[in-house]
Structures are given as C-alpha cells and as structure tokens.
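Below is one structure, written out as structure tokens; the observations come after it.
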Amino acid sequence: MSNTLKSLNKSDLYKDALKGNEDLATLLPGVLESYLSSLLNNPSALETIKTHELTADEAVAIRWYGREGFQYVQPSLRQKPDPALGEDNVAAPPTTFANLVKACDNGFAKLPPLPHGMELFRGTNFFNADLEAGDVYTDPAFVSTSTSRDVAEQKFQGCFVLKFINIPEGDPSWRDISTLTGNPKEAEVLCLPGRTFRVFSRGEGANAGEGTINNPEIITLEPVFMG
C-alpha cells in the first residue's frame, strides 16, 4: 500500500488535487487516497489493476470519475451545465480536468477491448433532439453506458435511451470499467471524450422527439472515425 500511495502522490492527478482549486470540486488528496484504499481492498478491482498493470493514478481516476467526478467533469468538457446533475451544476474551464482525462486515457490503453458485437445502452435527457438519422456529431465529454438495457432504462431514466451498435473491434475509446467503479451491478462501459457518432435510426419506442421517462425514445447510434 505504501509504495502504491507514493506512486499516486507523485502523479499529475494528485498534484492537481493539492492545488485546492475549487473548480476541481471533490478531486482532493484525501478523496483520492480513500479511493485508492478502497480499490486495493476490493478483490475484483485489485485483480483488474494487477492483471492489466494499471498505475495508482489510472485506477483512481476511473474510480473517482465513475463514483462522483462525472457531475463536475462532464459540464466542464461540454462547457455547459447539465440540469440533470443539479441546480448548482457549474461548468469549470475546459482544461480543468486535463490530467484526469489523461490518466483515464492511459488506463484505457491497458484494459482489454470490448467483445465483438457488443451493444451498449444509456438512459439520458442529454441529447440533441434535432439530430436525424444520418446526422453526425461529436461528444466532447465521456459517454457512460451499460451492457444492460434494464439498467439504462431504470437506473438512469430519461426521455431517451441511446443504443450504441457497430462498435469497431479493438476500438480504444471504449472500456469495461465495472470492476473499478465500485458499482458492478451497473455493468458500466465508459467511452473517452471526443468520440464521433452517427445517428443510425431513431423513433423506436416513442415517436421521434416525443419520448418520456415512462416511454423513452430509442435512438440507435454507431461510432464513426473522422479522417
């Protein structure tokens, strides 16, 4: 534990936490150390860390983001508050969490790619309802999904359920982080910021643009590479 803690203390992520910048919200030294301890004391998380040789800051970055950081990171990356995350939700400058994103990116490079043909789901109110089939857009923030449609619809309710298909084999943007978040029942697969998607179809479930929490519209998306 002591050597692993020293590794965390030397990381850029931890140095950010030491600054006491209020834009970083709960990205604080004590919080990061607490998450490191919880990771090392969780058999599934520890196995993932050892098997894939994650550094302390990589594992802690994923843990902090998945447990609480999303509510601060997402508005910062999108540069707009997310009403679903609370009335006091404020967008910090876009570079605020650069080292957090970098640590996640480095960790993703070590974790295994998704199985071929996997479909992912996300319940949300945060989607541009003006987008139609064939339209392409880039999400500047992380995209949190689940392998379970039931989780997406029931635990993360919204007017839309985003269904992700045709994820390229070996795509480095997507990783299963379910053993690292501390919420394994959510079966979370996370996508790194800056991924581009094409609207494959929309209007399943509710009619297009008429989704509700009780009857969400299913919007099918596929990742695309922009040359």
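Scheme for the structure tokens: letters A, B, ... for chains in order shown; per-chain residue numbers from 1; ligand numbers from 1 in order shown.
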
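Once Asn166 of chain A and its same-chain neighbours fewer than 3 positions away are set aside, His116, Gly117, Met118, Glu119, Glu169, Leu221, Glu222 and Pro223 of chain A remain within 9 Å of it when counting only C-alpha atoms.
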
Show which residues sit within 8 Å of segment 70-84 of chain A, as a ChimeraX atom specification. Count only C-alpha atoms, and ignore same-chain residues fewer than 4 positions away. /A:24-25,65-66,89-97,125-126,139-142

Could you write out that same residue set with C-alpha atoms as a PDB file, in the first residue's frame?
```pdb
ATOM      1  CA  LEU A  24     -11.839  20.591  -9.120  1.00  0.00           C
ATOM      2  CA  ALA A  25     -14.678  20.078  -6.627  1.00  0.00           C
ATOM      3  CA  TYR A  65     -14.911   9.745 -12.220  1.00  0.00           C
ATOM      4  CA  GLY A  66     -17.327   6.816 -12.047  1.00  0.00           C
ATOM      5  CA  ASN A  89     -24.131  22.407 -11.545  1.00  0.00           C
ATOM      6  CA  VAL A  90     -21.460  24.758 -12.964  1.00  0.00           C
ATOM      7  CA  ALA A  91     -19.149  24.300 -15.927  1.00  0.00           C
ATOM      8  CA  ALA A  92     -15.491  24.745 -14.933  1.00  0.00           C
ATOM      9  CA  PRO A  93     -12.938  25.803 -17.607  1.00  0.00           C
ATOM     10  CA  PRO A  94     -12.431  23.023 -20.203  1.00  0.00           C
ATOM     11  CA  THR A  95      -8.799  22.325 -19.241  1.00  0.00           C
ATOM     12  CA  THR A  96      -9.611  21.847 -15.540  1.00  0.00           C
ATOM     13  CA  PHE A  97      -9.683  18.058 -15.703  1.00  0.00           C
ATOM     14  CA  ASN A 125     -32.177  13.557 -21.230  1.00  0.00           C
ATOM     15  CA  PHE A 126     -28.959  14.966 -22.663  1.00  0.00           C
ATOM     16  CA  ASP A 139     -19.448  14.389 -27.892  1.00  0.00           C
ATOM     17  CA  PRO A 140     -16.652  16.341 -26.151  1.00  0.00           C
ATOM     18  CA  ALA A 141     -17.345  14.551 -22.855  1.00  0.00           C
ATOM     19  CA  PHE A 142     -17.191  10.996 -21.561  1.00  0.00           C
TER      20      PHE A 142
END
```

Need the shell around Arg175 of chain A: protein/DNA/RNA residues with any atom at most 7 Å away, counting only C-alpha atoms. Skip same-chain ones fewer than 3 positions apart. Format as a PyMOL selection string? chain A and resi 108+111+113-114+189-191

Selected residues written out with N, CA and C atoms, as a PDB file, in the first residue's frame:
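Result file follows (again.pdb):
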```
ATOM      1  N   PHE A 108      -7.104   3.215 -20.076  1.00  0.00           N
ATOM      2  CA  PHE A 108      -7.868   2.541 -21.130  1.00  0.00           C
ATOM      3  C   PHE A 108      -6.940   1.783 -22.071  1.00  0.00           C
ATOM      4  N   LEU A 111      -6.386  -1.658 -20.571  1.00  0.00           N
ATOM      5  CA  LEU A 111      -7.531  -2.547 -20.357  1.00  0.00           C
ATOM      6  C   LEU A 111      -7.923  -3.240 -21.663  1.00  0.00           C
ATOM      7  N   PRO A 113      -9.995  -4.671 -24.930  1.00  0.00           N
ATOM      8  CA  PRO A 113     -11.080  -4.141 -25.761  1.00  0.00           C
ATOM      9  C   PRO A 113     -12.376  -4.893 -25.508  1.00  0.00           C
ATOM     10  N   LEU A 114     -13.467  -4.306 -25.963  1.00  0.00           N
ATOM     11  CA  LEU A 114     -14.773  -4.935 -25.784  1.00  0.00           C
ATOM     12  C   LEU A 114     -14.910  -6.168 -26.674  1.00  0.00           C
ATOM     13  N   VAL A 189     -19.725   0.525 -19.096  1.00  0.00           N
ATOM     14  CA  VAL A 189     -18.706   0.658 -20.131  1.00  0.00           C
ATOM     15  C   VAL A 189     -18.588   2.143 -20.432  1.00  0.00           C
ATOM     16  N   LEU A 190     -17.374   2.659 -20.342  1.00  0.00           N
ATOM     17  CA  LEU A 190     -17.150   4.096 -20.499  1.00  0.00           C
ATOM     18  C   LEU A 190     -16.451   4.374 -21.819  1.00  0.00           C
ATOM     19  N   CYS A 191     -16.840   5.476 -22.446  1.00  0.00           N
ATOM     20  CA  CYS A 191     -16.208   5.919 -23.689  1.00  0.00           C
ATOM     21  C   CYS A 191     -15.456   7.216 -23.419  1.00  0.00           C
TER      22      CYS A 191
END
```

Within 10 Å of Glu33 of chain A, counting only C-alpha atoms, which residues show up once you throw out same-chain ones fewer than 6 positions away? Write them as a PyMOL selection string, please. chain A and resi 5+8-9+14+39+56-57+60

When you count only C-alpha atoms, which of these residues is closest to Pro168 of chain A: A:Val224, A:Ile219, A:Ala98, A:Val143? A:Val224

At a cut-off of 8 Å, using only C-alpha atoms, what residues contact Arg202 of chain A? Leave out same-chain residues fewer than 4 positions from it and give the result as a PyMOL selection string. chain A and resi 132-133+208+217-220

At a cut-off of 9 Å, using only C-alpha atoms, what residues contact Leu32 of chain A? Leave out same-chain residues fewer than 3 positions from it and give the result as an NGL selection string. :A and (8 or 14 or 17 or 26-29 or 35-37 or 57 or 60-61 or 63-64)

Export of the given selection (N, CA and C atoms) as a PDB file, in the first residue's frame:
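Result file result-v1.pdb:
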```pdb
ATOM      1  N   LEU A   8       0.838   7.273  -6.348  1.00  0.00           N
ATOM      2  CA  LEU A   8      -0.273   8.207  -6.518  1.00  0.00           C
ATOM      3  C   LEU A   8       0.169   9.623  -6.181  1.00  0.00           C
ATOM      4  N   TYR A  14      -2.665  13.791  -8.680  1.00  0.00           N
ATOM      5  CA  TYR A  14      -2.573  14.127  -7.255  1.00  0.00           C
ATOM      6  C   TYR A  14      -2.067  15.555  -7.072  1.00  0.00           C
ATOM      7  N   ALA A  17      -4.854  17.818  -7.295  1.00  0.00           N
ATOM      8  CA  ALA A  17      -5.656  17.794  -6.071  1.00  0.00           C
ATOM      9  C   ALA A  17      -5.043  18.661  -4.978  1.00  0.00           C
ATOM     10  N   THR A  26     -14.548  17.805  -5.720  1.00  0.00           N
ATOM     11  CA  THR A  26     -14.114  16.794  -4.746  1.00  0.00           C
ATOM     12  C   THR A  26     -12.843  16.057  -5.166  1.00  0.00           C
ATOM     13  N   LEU A  27     -12.155  16.565  -6.196  1.00  0.00           N
ATOM     14  CA  LEU A  27     -10.864  15.976  -6.570  1.00  0.00           C
ATOM     15  C   LEU A  27      -9.827  16.495  -5.574  1.00  0.00           C
ATOM     16  N   LEU A  28      -9.805  15.879  -4.397  1.00  0.00           N
ATOM     17  CA  LEU A  28      -8.993  16.311  -3.263  1.00  0.00           C
ATOM     18  C   LEU A  28      -8.055  15.186  -2.827  1.00  0.00           C
ATOM     19  N   PRO A  29      -6.919  15.521  -2.215  1.00  0.00           N
ATOM     20  CA  PRO A  29      -5.965  14.479  -1.819  1.00  0.00           C
ATOM     21  C   PRO A  29      -6.585  13.368  -0.981  1.00  0.00           C
ATOM     22  N   TYR A  35     -10.107   6.499  -2.213  1.00  0.00           N
ATOM     23  CA  TYR A  35     -10.477   5.634  -3.331  1.00  0.00           C
ATOM     24  C   TYR A  35      -9.385   4.613  -3.625  1.00  0.00           C
ATOM     25  N   LEU A  36      -8.128   5.018  -3.479  1.00  0.00           N
ATOM     26  CA  LEU A  36      -7.039   4.063  -3.684  1.00  0.00           C
ATOM     27  C   LEU A  36      -7.145   2.920  -2.681  1.00  0.00           C
ATOM     28  N   SER A  37      -7.405   3.261  -1.438  1.00  0.00           N
ATOM     29  CA  SER A  37      -7.548   2.238  -0.403  1.00  0.00           C
ATOM     30  C   SER A  37      -8.703   1.288  -0.711  1.00  0.00           C
ATOM     31  N   ASP A  57      -2.690   6.195 -10.203  1.00  0.00           N
ATOM     32  CA  ASP A  57      -3.486   7.339 -10.660  1.00  0.00           C
ATOM     33  C   ASP A  57      -4.476   6.941 -11.745  1.00  0.00           C
ATOM     34  N   VAL A  60      -7.378   5.176  -9.836  1.00  0.00           N
ATOM     35  CA  VAL A  60      -8.101   6.144  -9.011  1.00  0.00           C
ATOM     36  C   VAL A  60      -8.875   7.131  -9.878  1.00  0.00           C
ATOM     37  N   ALA A  61      -8.310   7.530 -11.006  1.00  0.00           N
ATOM     38  CA  ALA A  61      -9.009   8.454 -11.905  1.00  0.00           C
ATOM     39  C   ALA A  61     -10.324   7.850 -12.383  1.00  0.00           C
ATOM     40  N   ARG A  63     -12.005   5.425 -10.923  1.00  0.00           N
ATOM     41  CA  ARG A  63     -12.882   5.261  -9.758  1.00  0.00           C
ATOM     42  C   ARG A  63     -13.549   6.581  -9.382  1.00  0.00           C
ATOM     43  N   TRP A  64     -12.762   7.644  -9.272  1.00  0.00           N
ATOM     44  CA  TRP A  64     -13.321   8.942  -8.865  1.00  0.00           C
ATOM     45  C   TRP A  64     -14.330   9.433  -9.900  1.00  0.00           C
TER      46      TRP A  64
END
```
